[in-house]
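Enquirer: Provided below: target26.txt, containing compact mmCIF, C-alpha atoms and all ligand atoms.
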```txt
# COMPACT_ATOMS: atom_id res chain seq x y z
CA MET A 1 19.18 7.10 -24.63
CA THR A 2 21.65 6.89 -21.77
CA THR A 3 24.97 5.59 -22.97
CA GLU A 4 27.64 4.07 -20.83
CA THR A 5 30.93 5.95 -20.69
CA SER A 6 32.94 4.03 -18.11
CA THR A 7 32.59 1.73 -15.14
CA GLU A 8 34.98 3.25 -12.63
CA THR A 9 33.94 3.94 -9.07
CA ASN A 10 35.50 7.35 -8.60
CA GLY A 11 32.53 9.34 -9.73
CA SER A 12 34.00 10.48 -13.03
CA THR A 13 31.28 8.97 -15.20
CA GLY A 14 28.40 10.84 -16.81
CA MET A 15 28.05 14.47 -17.79
CA ALA A 16 28.79 16.18 -14.52
CA THR A 17 32.41 15.72 -13.51
CA GLY A 18 34.95 17.28 -11.21
CA THR A 19 34.48 18.73 -7.77
CA THR A 20 32.17 21.66 -8.49
CA GLY A 21 29.82 22.68 -5.63
CA SER A 22 26.14 21.85 -5.85
CA THR A 23 25.05 25.26 -7.19
CA GLY A 24 27.58 25.11 -10.03
CA ILE A 25 26.44 21.63 -10.94
CA ALA A 26 22.79 22.59 -10.82
CA ASP A 27 23.45 25.53 -13.13
CA THR A 28 25.39 23.36 -15.57
CA VAL A 29 22.59 20.84 -15.68
CA THR A 30 19.99 23.52 -16.05
CA GLY A 31 21.80 24.83 -19.09
CA LEU A 32 22.82 21.60 -20.80
CA LEU A 33 19.96 19.27 -20.18
CA GLY A 34 17.28 21.94 -20.13
CA GLU A 35 18.26 23.07 -23.62
CA VAL A 36 18.16 19.58 -25.05
CA LEU A 37 14.88 18.65 -23.46
CA SER A 38 13.02 21.84 -24.16
CA SER A 39 13.37 21.20 -27.88
CA ARG A 40 11.08 18.18 -27.50
CA LYS A 41 7.43 18.61 -28.46
CA GLU A 42 4.63 17.32 -26.23
CA ALA A 43 2.09 15.04 -27.83
CA ALA A 44 -1.50 15.56 -26.69
CA GLU A 45 -2.48 12.00 -25.72
CA PRO A 46 -0.65 9.88 -23.10
CA PRO A 47 1.53 7.50 -25.08
CA VAL A 48 0.99 3.77 -25.30
CA THR A 49 4.29 2.12 -24.39
CA THR A 50 5.53 -1.28 -23.30
CA LYS A 51 8.23 -2.51 -20.94
CA ALA A 52 10.46 -3.03 -23.98
CA ASP A 53 10.18 0.66 -24.85
CA TRP A 54 11.55 1.58 -21.42
CA THR A 55 14.39 -0.94 -21.57
CA SER A 56 17.72 0.32 -22.89
CA ASP A 57 20.22 -1.67 -24.96
CA GLN A 58 22.68 -1.70 -22.05
CA GLU A 59 23.31 -5.03 -20.34
CA PRO A 60 22.89 -4.72 -16.54
CA ARG A 61 26.18 -5.16 -14.72
CA TRP A 62 24.77 -6.16 -11.40
CA CYS A 63 25.69 -9.46 -9.75
CA PRO A 64 23.31 -12.31 -10.54
CA GLY A 65 20.60 -12.37 -7.87
CA CYS A 66 21.00 -8.71 -6.85
CA GLY A 67 17.81 -7.03 -5.61
CA ASP A 68 18.44 -4.14 -8.00
CA TYR A 69 17.07 -6.25 -10.86
CA SER A 70 13.62 -6.54 -9.31
CA VAL A 71 13.41 -2.79 -8.72
CA LEU A 72 14.40 -2.17 -12.34
CA THR A 73 11.75 -4.58 -13.60
CA ALA A 74 9.12 -3.03 -11.34
CA ILE A 75 9.83 0.43 -12.76
CA GLN A 76 10.05 -0.70 -16.39
CA LEU A 77 6.68 -2.43 -16.06
CA LEU A 78 5.08 0.46 -14.22
CA MET A 79 6.03 3.27 -16.59
CA PRO A 80 3.61 2.21 -19.37
CA GLU A 81 0.82 1.92 -16.78
CA LEU A 82 1.51 5.45 -15.57
CA GLY A 83 1.26 6.76 -19.12
CA ALA A 84 4.67 8.38 -18.60
CA ARG A 85 6.63 9.76 -21.53
CA MET A 86 10.15 8.53 -22.15
CA GLU A 87 11.14 11.90 -23.59
CA ASN A 88 9.93 13.68 -20.44
CA THR A 89 11.52 11.29 -17.96
CA VAL A 90 14.96 11.64 -16.41
CA PHE A 91 16.72 9.33 -13.98
CA VAL A 92 19.53 11.02 -12.06
CA SER A 93 21.89 8.96 -9.92
CA GLY A 94 25.15 9.36 -8.05
CA ILE A 95 27.69 6.53 -7.77
CA GLY A 96 27.20 2.99 -6.51
CA CYS A 97 25.68 -0.25 -7.77
CA ALA A 98 22.15 1.20 -7.52
CA ALA A 99 23.34 4.32 -9.29
CA ARG A 100 23.90 2.36 -12.49
CA PHE A 101 20.14 2.33 -12.87
CA PRO A 102 19.83 5.17 -15.45
CA TYR A 103 21.86 3.15 -17.99
CA TYR A 104 19.18 0.52 -18.08
CA MET A 105 16.23 2.83 -18.61
CA ASN A 106 15.53 3.98 -22.16
CA THR A 107 15.02 7.55 -21.00
CA TYR A 108 17.20 10.55 -20.37
CA GLY A 109 19.54 9.88 -17.51
CA MET A 110 22.62 11.08 -15.71
CA HIS A 111 25.10 8.94 -13.79
CA THR A 112 26.69 11.83 -11.94
CA ILE A 113 29.10 12.05 -9.00
CA HIS A 114 28.92 10.41 -5.62
CA GLY A 115 26.27 12.01 -3.39
CA ARG A 116 25.31 14.81 -5.78
CA ALA A 117 22.23 13.34 -7.47
CA PRO A 118 19.75 15.31 -5.31
CA ALA A 119 21.55 18.59 -6.07
CA ILE A 120 21.71 17.96 -9.79
CA ALA A 121 18.14 16.74 -9.93
CA SER A 122 17.00 19.78 -7.93
CA GLY A 123 18.49 22.12 -10.53
CA LEU A 124 16.84 20.19 -13.31
CA ALA A 125 13.43 20.05 -11.63
CA MET A 126 13.52 23.80 -10.99
CA ALA A 127 14.48 24.63 -14.55
CA ARG A 128 12.09 22.14 -16.13
CA PRO A 129 9.07 21.56 -13.89
CA ASP A 130 7.35 19.74 -16.76
CA LEU A 131 9.74 16.77 -16.46
CA ASP A 132 9.41 13.66 -14.31
CA VAL A 133 12.69 13.64 -12.40
CA TRP A 134 13.61 10.47 -10.51
CA VAL A 135 16.61 10.26 -8.19
CA ILE A 136 18.27 6.89 -7.65
CA GLY A 137 20.86 6.22 -4.97
CA GLY A 138 22.21 3.74 -2.48
CA ASP A 139 22.45 4.20 1.28
CA GLY A 140 26.03 5.42 0.90
CA ASP A 141 25.24 7.69 -2.02
CA LEU A 142 22.20 9.36 -0.44
CA LEU A 143 22.93 9.12 3.28
CA SER A 144 26.74 9.36 3.64
CA ILE A 145 28.33 11.73 1.15
CA GLY A 146 24.96 12.87 -0.19
CA GLY A 147 23.20 13.26 3.16
CA ASN A 148 23.35 17.04 3.08
CA HIS A 149 21.94 17.32 -0.43
CA LEU A 150 19.21 14.83 0.37
CA ILE A 151 17.84 16.60 3.45
CA HIS A 152 17.68 19.92 1.67
CA ALA A 153 15.88 18.48 -1.34
CA LEU A 154 13.41 16.95 1.11
CA ARG A 155 12.79 20.09 3.16
CA ARG A 156 12.38 22.24 0.05
CA ASN A 157 9.70 19.94 -1.30
CA ILE A 158 11.12 19.93 -4.80
CA ASN A 159 9.16 17.77 -7.21
CA LEU A 160 11.54 14.80 -7.19
CA LYS A 161 10.86 11.09 -6.86
CA ILE A 162 13.73 9.83 -4.72
CA LEU A 163 14.33 6.07 -4.50
CA LEU A 164 16.77 4.99 -1.81
CA PHE A 165 18.13 1.50 -2.46
CA ASN A 166 18.99 0.52 1.10
CA ASN A 167 21.12 -2.63 1.25
CA GLN A 168 22.86 -1.54 4.47
CA ILE A 169 26.29 -1.79 2.83
CA TYR A 170 28.58 -0.15 0.27
CA GLY A 171 28.11 -2.65 -2.55
CA LEU A 172 30.12 -1.19 -5.41
CA THR A 173 33.28 -0.69 -3.36
CA LYS A 174 33.05 -4.27 -2.13
CA GLY A 175 31.45 -4.33 1.25
CA GLN A 176 32.26 -1.55 3.71
CA TYR A 177 29.75 -0.63 6.43
CA SER A 178 27.34 2.14 5.50
CA PRO A 179 25.27 4.64 7.51
CA THR A 180 22.42 2.15 7.64
CA SER A 181 24.55 -0.83 8.75
CA GLU A 182 23.70 -2.13 12.20
CA VAL A 183 26.00 -1.51 15.19
CA GLY A 184 28.61 -4.25 15.36
CA LYS A 185 28.64 -4.89 11.61
CA VAL A 186 31.87 -6.65 10.74
CA THR A 187 33.19 -5.56 7.36
CA LYS A 188 36.57 -4.90 5.78
CA SER A 189 36.45 -1.34 7.10
CA SER A 190 35.13 -2.37 10.52
CA PRO A 191 36.94 -5.62 11.39
CA LEU A 192 35.96 -5.32 15.05
CA GLY A 193 32.40 -4.23 14.30
CA SER A 194 31.06 -0.81 13.38
CA LEU A 195 30.46 1.53 16.29
CA ALA A 196 28.03 4.07 14.86
CA GLU A 197 24.28 4.01 15.34
CA PRO A 198 22.60 3.57 11.93
CA PHE A 199 20.32 6.12 10.33
CA ASN A 200 16.67 5.23 10.24
CA ALA A 201 15.98 6.51 6.71
CA ILE A 202 12.24 6.95 7.25
CA SER A 203 12.76 8.89 10.50
CA LEU A 204 15.34 11.04 8.75
CA ALA A 205 13.03 11.87 5.84
CA LEU A 206 10.13 12.67 8.17
CA SER A 207 12.34 14.88 10.32
CA ALA A 208 13.44 16.74 7.19
CA GLU A 209 9.75 17.49 6.56
CA ALA A 210 9.43 15.35 3.43
CA THR A 211 5.83 15.49 2.25
CA PHE A 212 5.70 11.89 0.97
CA VAL A 213 7.55 9.11 2.78
CA ALA A 214 7.19 5.39 2.09
CA ARG A 215 8.98 2.08 2.52
CA THR A 216 8.87 -1.05 0.37
CA HIS A 217 11.10 -4.06 -0.36
CA ASP A 218 12.55 -5.83 -3.37
CA MET A 219 10.76 -9.15 -2.79
CA ASP A 220 7.29 -7.79 -3.54
CA ARG A 221 6.87 -6.25 -6.99
CA ALA A 222 3.22 -5.33 -6.52
CA HIS A 223 3.99 -3.42 -3.34
CA MET A 224 6.97 -1.67 -4.92
CA GLN A 225 4.83 -0.60 -7.85
CA GLU A 226 2.10 0.69 -5.57
CA MET A 227 4.65 2.82 -3.69
CA PHE A 228 6.31 4.07 -6.89
CA ARG A 229 2.92 4.95 -8.36
CA ARG A 230 2.00 6.90 -5.25
CA ALA A 231 5.37 8.67 -5.38
CA TYR A 232 4.84 9.53 -9.05
CA GLU A 233 1.39 10.94 -8.37
CA HIS A 234 2.54 13.01 -5.40
CA HIS A 235 3.12 16.67 -6.15
CA GLY A 236 6.31 17.60 -4.35
CA VAL A 237 9.16 15.53 -3.04
CA ALA A 238 8.52 11.80 -2.68
CA PHE A 239 10.96 9.63 -0.76
CA VAL A 240 10.76 5.84 -1.01
CA GLU A 241 13.10 3.57 0.92
CA ILE A 242 13.53 0.16 -0.69
CA TYR A 243 14.96 -2.66 1.40
CA GLN A 244 17.23 -4.17 -1.25
CA ASN A 245 19.25 -7.34 -0.90
CA CYS A 246 22.94 -7.23 -1.78
CA ASN A 247 23.45 -10.96 -2.10
CA VAL A 248 27.22 -10.65 -2.37
CA PHE A 249 28.23 -8.37 0.52
CA ASN A 250 25.22 -8.36 2.84
CA ASP A 251 23.08 -11.31 1.88
CA GLY A 252 19.88 -11.87 3.82
CA ALA A 253 19.89 -8.49 5.59
CA PHE A 254 16.09 -8.31 5.33
CA GLU A 255 15.08 -11.95 5.04
CA LEU A 256 13.75 -12.13 8.60
CA ILE A 257 10.97 -9.79 7.54
CA THR A 258 10.70 -10.06 3.73
CA LYS A 259 10.69 -13.85 3.13
CA LYS A 260 7.25 -14.85 1.98
CA ASP A 261 6.47 -17.00 5.03
CA LYS A 262 7.71 -14.30 7.43
CA ARG A 263 5.78 -11.38 5.93
CA PRO A 264 2.41 -11.80 7.68
CA SER A 265 3.99 -11.73 11.15
CA MET A 266 6.89 -9.37 10.42
CA LEU A 267 5.59 -6.74 7.98
CA ILE A 268 3.04 -4.20 9.16
CA ASN A 269 1.27 -2.99 6.06
CA LEU A 270 0.20 0.63 6.59
CA LYS A 271 -3.04 1.53 4.82
CA HIS A 272 -4.58 4.96 5.08
CA GLY A 273 -7.82 4.96 7.09
CA GLU A 274 -7.41 1.37 8.29
CA PRO A 275 -6.52 -0.01 11.73
CA ILE A 276 -2.83 -0.92 11.88
CA ARG A 277 -3.01 -4.67 12.33
CA PHE A 278 -0.84 -7.59 11.30
CA GLY A 279 -0.14 -11.25 12.04
CA GLU A 280 -1.19 -14.55 10.49
CA ASN A 281 -4.75 -13.83 11.65
CA MET A 282 -4.39 -10.09 12.11
CA GLU A 283 -4.15 -10.80 15.82
CA ASN A 284 -1.66 -7.99 16.53
CA GLY A 285 -2.24 -4.26 16.50
CA VAL A 286 -0.28 -1.06 16.97
CA VAL A 287 -1.43 1.06 19.90
CA LEU A 288 -0.32 4.31 21.52
CA GLU A 289 1.90 3.84 24.54
CA SER A 290 2.20 7.53 25.31
CA HIS A 291 1.36 10.56 23.18
CA ASP A 292 4.19 9.92 20.70
CA ILE A 293 5.37 6.37 21.33
CA VAL A 294 3.66 3.36 19.77
CA LYS A 295 3.91 -0.32 20.62
CA ILE A 296 2.56 -3.66 19.50
CA ALA A 297 -0.20 -5.37 21.44
CA LYS A 298 -2.52 -8.35 21.07
CA VAL A 299 -5.83 -7.01 19.82
CA ALA A 300 -7.61 -9.52 22.06
CA ASP A 301 -5.95 -7.95 25.10
CA VAL A 302 -6.46 -4.26 24.31
CA GLY A 303 -9.68 -4.32 22.28
CA GLU A 304 -10.18 -3.23 18.67
CA SER A 305 -10.93 0.35 19.58
CA ALA A 306 -7.43 0.80 21.05
CA VAL A 307 -5.75 -0.03 17.72
CA LEU A 308 -4.44 3.03 15.87
CA VAL A 309 -6.08 3.93 12.57
CA HIS A 310 -3.41 4.95 10.08
CA ASP A 311 -3.62 8.53 8.90
CA GLU A 312 -0.98 9.36 6.29
CA LYS A 313 -2.47 12.86 5.91
CA GLN A 314 -1.59 14.07 9.40
CA VAL A 315 0.30 17.33 8.99
CA ASN A 316 2.12 16.82 12.27
CA PRO A 317 4.63 14.04 11.54
CA SER A 318 4.92 12.87 15.17
CA LEU A 319 2.82 9.75 14.78
CA ALA A 320 4.47 8.81 11.49
CA LEU A 321 7.79 9.28 13.25
CA ALA A 322 6.66 7.04 16.10
CA LEU A 323 5.68 4.36 13.56
CA SER A 324 9.06 4.68 11.86
CA ARG A 325 10.70 3.94 15.22
CA LEU A 326 8.56 0.93 16.08
CA ALA A 327 11.24 -1.45 14.77
CA SER A 328 14.87 -0.78 15.55
CA GLY A 329 15.98 -2.88 12.59
CA PRO A 330 14.74 -5.38 10.00
CA PHE A 331 14.54 -8.18 12.55
CA MET A 332 11.42 -6.91 14.35
CA PRO A 333 7.87 -6.34 13.04
CA THR A 334 8.41 -3.44 10.63
CA PRO A 335 5.94 -1.01 9.06
CA ILE A 336 5.95 -0.74 5.26
CA GLY A 337 3.77 1.42 3.02
CA VAL A 338 3.08 5.14 3.05
CA PHE A 339 3.98 6.79 6.35
CA ARG A 340 3.15 10.32 5.25
CA ALA A 341 1.48 11.98 2.25
CA VAL A 342 0.64 15.64 2.79
CA ASP A 343 0.32 18.68 0.55
CA ARG A 344 2.65 21.65 0.78
CA GLN A 345 3.83 24.35 -1.62
CA GLU A 346 6.18 22.90 -4.23
CA TYR A 347 9.48 24.75 -4.41
CA ALA A 348 9.85 25.23 -8.17
CA GLU A 349 6.37 26.67 -8.47
CA GLU A 350 7.02 29.16 -5.68
CA LEU A 351 10.33 30.08 -7.26
CA SER A 352 8.69 30.72 -10.66
CA ARG A 353 6.15 32.89 -8.91
CA GLN A 354 8.88 34.93 -7.22
CA ILE A 355 10.72 35.40 -10.49
CA ALA A 356 7.55 36.49 -12.30
CA TYR A 357 6.72 38.89 -9.44
CA SER A 358 10.17 40.42 -9.50
CA GLN A 359 10.13 40.80 -13.30
CA ASP A 360 6.71 42.37 -13.13
CA LEU A 361 7.79 44.78 -10.41
CA LYS A 362 10.79 45.93 -12.42
CA LYS A 363 8.95 45.79 -15.76
CA ASN A 364 12.01 43.95 -16.98
CA PRO A 365 12.69 40.27 -17.72
CA GLY A 366 16.21 40.71 -16.31
CA ASP A 367 19.64 40.25 -17.84
CA LEU A 368 21.98 37.78 -16.17
CA GLU A 369 25.10 39.13 -17.85
CA ALA A 370 24.25 42.71 -16.89
CA LEU A 371 23.67 41.53 -13.33
CA LEU A 372 27.03 39.78 -13.19
CA TYR A 373 28.84 42.92 -14.36
CA SER A 374 26.74 45.35 -12.34
CA ARG A 375 29.11 45.63 -9.36
CA ALA A 376 32.85 45.53 -8.88
CA THR A 377 34.46 42.90 -11.08
CA TRP A 378 38.03 41.72 -11.28
CA GLU A 379 40.14 40.36 -14.05
CA VAL A 380 42.50 37.71 -12.75
CA THR A 381 45.69 37.57 -14.78
C1 LIG B 401 33.84 11.30 -3.84
C2 LIG B 401 33.81 9.79 -3.80
N1 LIG B 401 34.07 9.18 -2.65
C3 LIG B 401 34.03 7.83 -2.60
C4 LIG B 401 33.74 7.11 -3.72
C5 LIG B 401 33.75 5.61 -3.66
N2 LIG B 401 32.44 5.03 -3.67
C6 LIG B 401 31.82 4.69 -4.82
S1 LIG B 401 30.32 4.01 -4.59
C7 LIG B 401 30.47 4.17 -2.92
C8 LIG B 401 29.39 3.70 -1.98
C9 LIG B 401 28.42 2.80 -2.61
O1 LIG B 401 27.45 2.39 -1.69
P1 LIG B 401 25.93 2.73 -1.86
O2 LIG B 401 25.72 4.15 -2.16
O3 LIG B 401 25.24 2.19 -0.66
O4 LIG B 401 25.49 1.97 -3.18
P2 LIG B 401 25.47 0.40 -3.50
O5 LIG B 401 26.73 0.11 -4.23
O6 LIG B 401 25.38 -0.33 -2.21
O7 LIG B 401 24.25 0.25 -4.34
C10 LIG B 401 31.67 4.76 -2.57
C11 LIG B 401 32.10 5.02 -1.17
C12 LIG B 401 33.47 7.82 -4.91
N3 LIG B 401 33.13 7.21 -6.05
N4 LIG B 401 33.50 9.16 -4.93
S1 LIG B 402 27.65 -5.86 -5.05
FE1 LIG B 402 25.65 -6.19 -4.09
S2 LIG B 402 24.43 -4.36 -4.60
FE2 LIG B 402 26.18 -4.44 -6.00
S3 LIG B 402 25.43 -5.51 -7.82
FE3 LIG B 402 26.41 -7.04 -6.50
S4 LIG B 402 24.73 -7.87 -5.26
FE4 LIG B 402 24.01 -5.93 -6.14
MG MG B 403 24.38 0.35 -0.42
```
Would you write the structure of this file as structure tokens?
Ligand SMILES: Cc1ncc(C[n+]2csc(CCOP(=O)(O)OP(=O)(O)O)c2C)c(N)n1
Ligand code: SF4
Ligand SMILES: [Mg+2]

Expert:
Amino acid sequence: MTTETSTETNGSTGMATGTTGSTGIADTVTGLLGEVLSSRKEAAEPPVTTKADWTSDQEPRWCPGCGDYSVLTAIQLLMPELGARMENTVFVSGIGCAARFPYYMNTYGMHTIHGRAPAIASGLAMARPDLDVWVIGGDGDLLSIGGNHLIHALRRNINLKILLFNNQIYGLTKGQYSPTSEVGKVTKSSPLGSLAEPFNAISLALSAEATFVARTHDMDRAHMQEMFRRAYEHHGVAFVEIYQNCNVFNDGAFELITKKDKRPSMLINLKHGEPIRFGENMENGVVLESHDIVKIAKVADVGESAVLVHDEKQVNPSLALALSRLASGPFMPTPIGVFRAVDRQEYAEELSRQIAYSQDLKKNPGDLEALLYSRATWEVT
């Protein structure tokens, strides 16, 4: 259902164009897309669909070997299992290689402007809480220009499923350093090495009070699907960081931890209620160093009882934050899985309640036009 309009990189593709602020965009989306979608009728039973149903007629324009393909396949295979409805599903993206994703899904979709996907998706999710709204973006899209919109979507706990394709580079614009690139990264825009400390996306999401935070990687479809399923089932905002290989401009960025033979000793698979252990023979464990710092130790040295038991439901995010800081980059043993999954009021529901309360109080459904003209107005000639 998404059709391709152009392939330029300046953000002028899709429905939302220009330099409107986030509120204006959200209102536009609310009006346009909300109207179209609300005309759809809900069937009673979950539909039976196949991967082919979720695959659009658009040919992917990613480089051969790009990690984006495996994420796309994981989602297209998962949707039928979730019993999701194509007509109730929307993928909203900004600009970047990852952001081309909505074209390839046979659902509603918007390829919007750089960095604004969370704002546009927020408007849509508030206007149409019955929809499944997914946000797709790269590390540049969601953490550079879109960083502001992302943190506010996270703190508000809007019912969005946000997938961050982190390849630690600007792929579409041909290889500049990004806010997740490591210090010293030599690129065309940093010939002597980048100077800035990278964002730790998981730490950032936890600090913004996101209620669901997870990490996965593009080399393990089963794990990706498990994380996406958990995100889908979470009520509120769900943030999933995907370590994604850009084999053209940043090849091998994650191979020290994601290659099959490296995984047992380099990936720490977080499982709720289970001791945090890893290694070829599960010989390593994560233990508390001080009240909010964790470290790796040999289980034989510290004893099994010293190993932390993972608790994704902890309301205080301190321990999840400590876990997110265990590795300072994808070259050390790195936790993957669900860091945090807690319940909190969902924004759109609270907003609906406020509106209903206000209408009830005034015994009036309200009139937007009357409101706009209720105070001093000007005519600009
Ligand atoms: C307002 C604006 N500024 C800059 C750009 C140029 N631009 C397009 S995509 C992009 C970054 C892409 O990197 P990322 O979001 O990490 O996605 P990837 O291509 O790596 O998947 C930039 C800077 C733009 N399109 N619009
Ligand atoms: S430039 Fe990198 S991220 Fe973009 S399609 Fe090619 S391999 Fe993928
Ligand atoms: Mg990128």

Enquirer: Rounded to one decimal, what separation in Å do you get between CA of Ile169 (chain A) and CA of Arg230 (chain A)?

Expert: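 Between CA of Ile169 (chain A) and CA of Arg230 (chain A) the gap works out to 27.0 Å.
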
Enquirer: As a short mmCIF file (atom, residue, chain, number, x, y, z; two decimals) with C-alpha atoms, keeping the file's coordinate frame, please: every protein or nucleic acid residue near ligand LIG 402 (chain B) (cut-off 8 Å, counting only C-alpha atoms and all ligand atoms).

Expert:
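Once written, out36.cif looks like this:
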```cif
data_model
loop_
_atom_site.label_atom_id
_atom_site.label_comp_id
_atom_site.auth_asym_id
_atom_site.auth_seq_id
_atom_site.Cartn_x
_atom_site.Cartn_y
_atom_site.Cartn_z
CA ARG A 61 26.18 -5.16 -14.72
CA TRP A 62 24.77 -6.16 -11.40
CA CYS A 63 25.69 -9.46 -9.75
CA PRO A 64 23.31 -12.31 -10.54
CA GLY A 65 20.60 -12.37 -7.87
CA CYS A 66 21.00 -8.71 -6.85
CA GLY A 67 17.81 -7.03 -5.61
CA ASP A 68 18.44 -4.14 -8.00
CA GLY A 96 27.20 2.99 -6.51
CA CYS A 97 25.68 -0.25 -7.77
CA ALA A 98 22.15 1.20 -7.52
CA ASN A 167 21.12 -2.63 1.25
CA TYR A 170 28.58 -0.15 0.27
CA GLY A 171 28.11 -2.65 -2.55
CA LEU A 172 30.12 -1.19 -5.41
CA THR A 173 33.28 -0.69 -3.36
CA LYS A 174 33.05 -4.27 -2.13
CA GLY A 175 31.45 -4.33 1.25
CA GLN A 244 17.23 -4.17 -1.25
CA ASN A 245 19.25 -7.34 -0.90
CA CYS A 246 22.94 -7.23 -1.78
CA ASN A 247 23.45 -10.96 -2.10
CA VAL A 248 27.22 -10.65 -2.37
CA PHE A 249 28.23 -8.37 0.52
CA ASN A 250 25.22 -8.36 2.84
#
```

Enquirer: Out of A:Ile268, A:Ile293, A:Ala253, A:Leu124, which residue has the shortest atom-to-atom distance to ligand MG 403 (chain B) when counting all atoms listed in the file?

Expert: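 Looking only at the distances to ligand MG 403 (chain B), the closest residue turns out to be A:Ala253.
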
Enquirer: Suppose you want the space between CA of Leu319 (chain A) and CA of Ile136 (chain A); what is it in Å?

Expert: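 Calculated distance between CA of Leu319 (chain A) and CA of Ile136 (chain A) is 27.4 Å.
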
Enquirer: Residues near Pro330 (chain A), anyone? I mean within 8 Å using all atoms listed in the file, not counting same-chain ones fewer than 2 positions away, as a PDB file with C-alpha atoms, in the coordinates of the input.

Expert:
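This went into part19.pdb:
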```
ATOM      1  CA  ALA A 253      19.890  -8.490   5.590  1.00  0.00           C
ATOM      2  CA  PHE A 254      16.090  -8.310   5.330  1.00  0.00           C
ATOM      3  CA  LEU A 256      13.750 -12.130   8.600  1.00  0.00           C
ATOM      4  CA  ILE A 257      10.970  -9.790   7.540  1.00  0.00           C
ATOM      5  CA  ALA A 327      11.240  -1.450  14.770  1.00  0.00           C
ATOM      6  CA  SER A 328      14.870  -0.780  15.550  1.00  0.00           C
ATOM      7  CA  MET A 332      11.420  -6.910  14.350  1.00  0.00           C
ATOM      8  CA  PRO A 333       7.870  -6.340  13.040  1.00  0.00           C
ATOM      9  CA  THR A 334       8.410  -3.440  10.630  1.00  0.00           C
TER      10      THR A 334
END
```

Enquirer: For a cut-off of 10 Å around (3.8, 23.3, -1.9), file coordinates, pick out all residues using only C-alpha atoms and list them as a list of chain:residue names.

Expert: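 Result, sorted by chain then residue number: A:Arg156, A:Asn157, A:Ile158, A:Asn159, A:Thr211, A:His235, A:Gly236, A:Val237, A:Val342, A:Asp343, A:Arg344, A:Gln345, A:Glu346, A:Tyr347, A:Ala348, A:Glu349, A:Glu350.
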
Enquirer: Dig up all the protein and nucleic acid residues within 7 Å of (9.7, 10.9, -5.4) in the file frame, using all atoms listed in the file, and format them as a ChimeraX atom specification.

Expert: /A:134,160-163,231-232,237-240

Enquirer: Give the padded box for ligand LIG 401 (chain B) as JSON: axis-aligned, covering all atoms listed in the file, 8 Å on each side, centre and edge lengths in Å to one decimal.

Expert:
```
{"center_x": 29.2, "center_y": 5.5, "center_z": -3.4, "size_x": 25.8, "size_y": 27.6, "size_z": 21.4}
```

Enquirer: Identify which of the residues A:Glu197, A:Glu209, A:Glu241, A:Asp367 lies closest to ligand MG 403 (chain B), counting only C-alpha atoms and all ligand atoms when measuring atom-to-atom distances.

Expert: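 That would be A:Glu241, the residue with the smallest distance to ligand MG 403 (chain B).
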
Enquirer: Compare A:Ala222, A:His272, A:Tyr103, A:Val302 by their minimum atom-to-atom distance to Asn284 (chain A), counting all atoms listed in the file, and give me the closest one.

Expert: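 Checking each candidate against Asn284 (chain A), we get A:Val302 as the closest.
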
Enquirer: Return the single residue from A:Phe212, A:Phe228, A:Phe101, A:Tyr69 that is closest to Glu81 (chain A), with distances computed using all atoms listed in the file.

Expert: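 Looking at the shortest contact to Glu81 (chain A), the residue is A:Phe228.
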
Enquirer: Skipping near chain neighbours, those fewer than 2 positions away, what residues fall within 12 Å of Ser290 (chain A) using all atoms listed in the file, listed as JSON, numbers by chain?

Expert: {"A": [287, 288, 292, 293, 294, 295, 318, 319, 322]}

Enquirer: Create the file for the chosen residues now, containing C-alpha atoms and written as a short mmCIF file (atom, residue, chain, number, x, y, z; two decimals), in the frame of the given file.

Expert:
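Contents of selection08.cif, as written:
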```
data_model
loop_
_atom_site.label_atom_id
_atom_site.label_comp_id
_atom_site.auth_asym_id
_atom_site.auth_seq_id
_atom_site.Cartn_x
_atom_site.Cartn_y
_atom_site.Cartn_z
CA VAL A 287 -1.43 1.06 19.90
CA LEU A 288 -0.32 4.31 21.52
CA ASP A 292 4.19 9.92 20.70
CA ILE A 293 5.37 6.37 21.33
CA VAL A 294 3.66 3.36 19.77
CA LYS A 295 3.91 -0.32 20.62
CA SER A 318 4.92 12.87 15.17
CA LEU A 319 2.82 9.75 14.78
CA ALA A 322 6.66 7.04 16.10
#
```

Enquirer: Go through A:Leu164, A:Val213, A:Ile120, A:Ala125 and flag the residue nearest Val71 (chain A), using only C-alpha atoms for the distances.

Expert: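 Looking at the shortest contact to Val71 (chain A), the residue is A:Leu164.
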
Enquirer: Could you tell me how far CA of Thr73 (chain A) sits from CA of Ile202 (chain A), in Å to one decimal place?

Expert: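 That distance, rounded to one decimal, is 23.8 Å.
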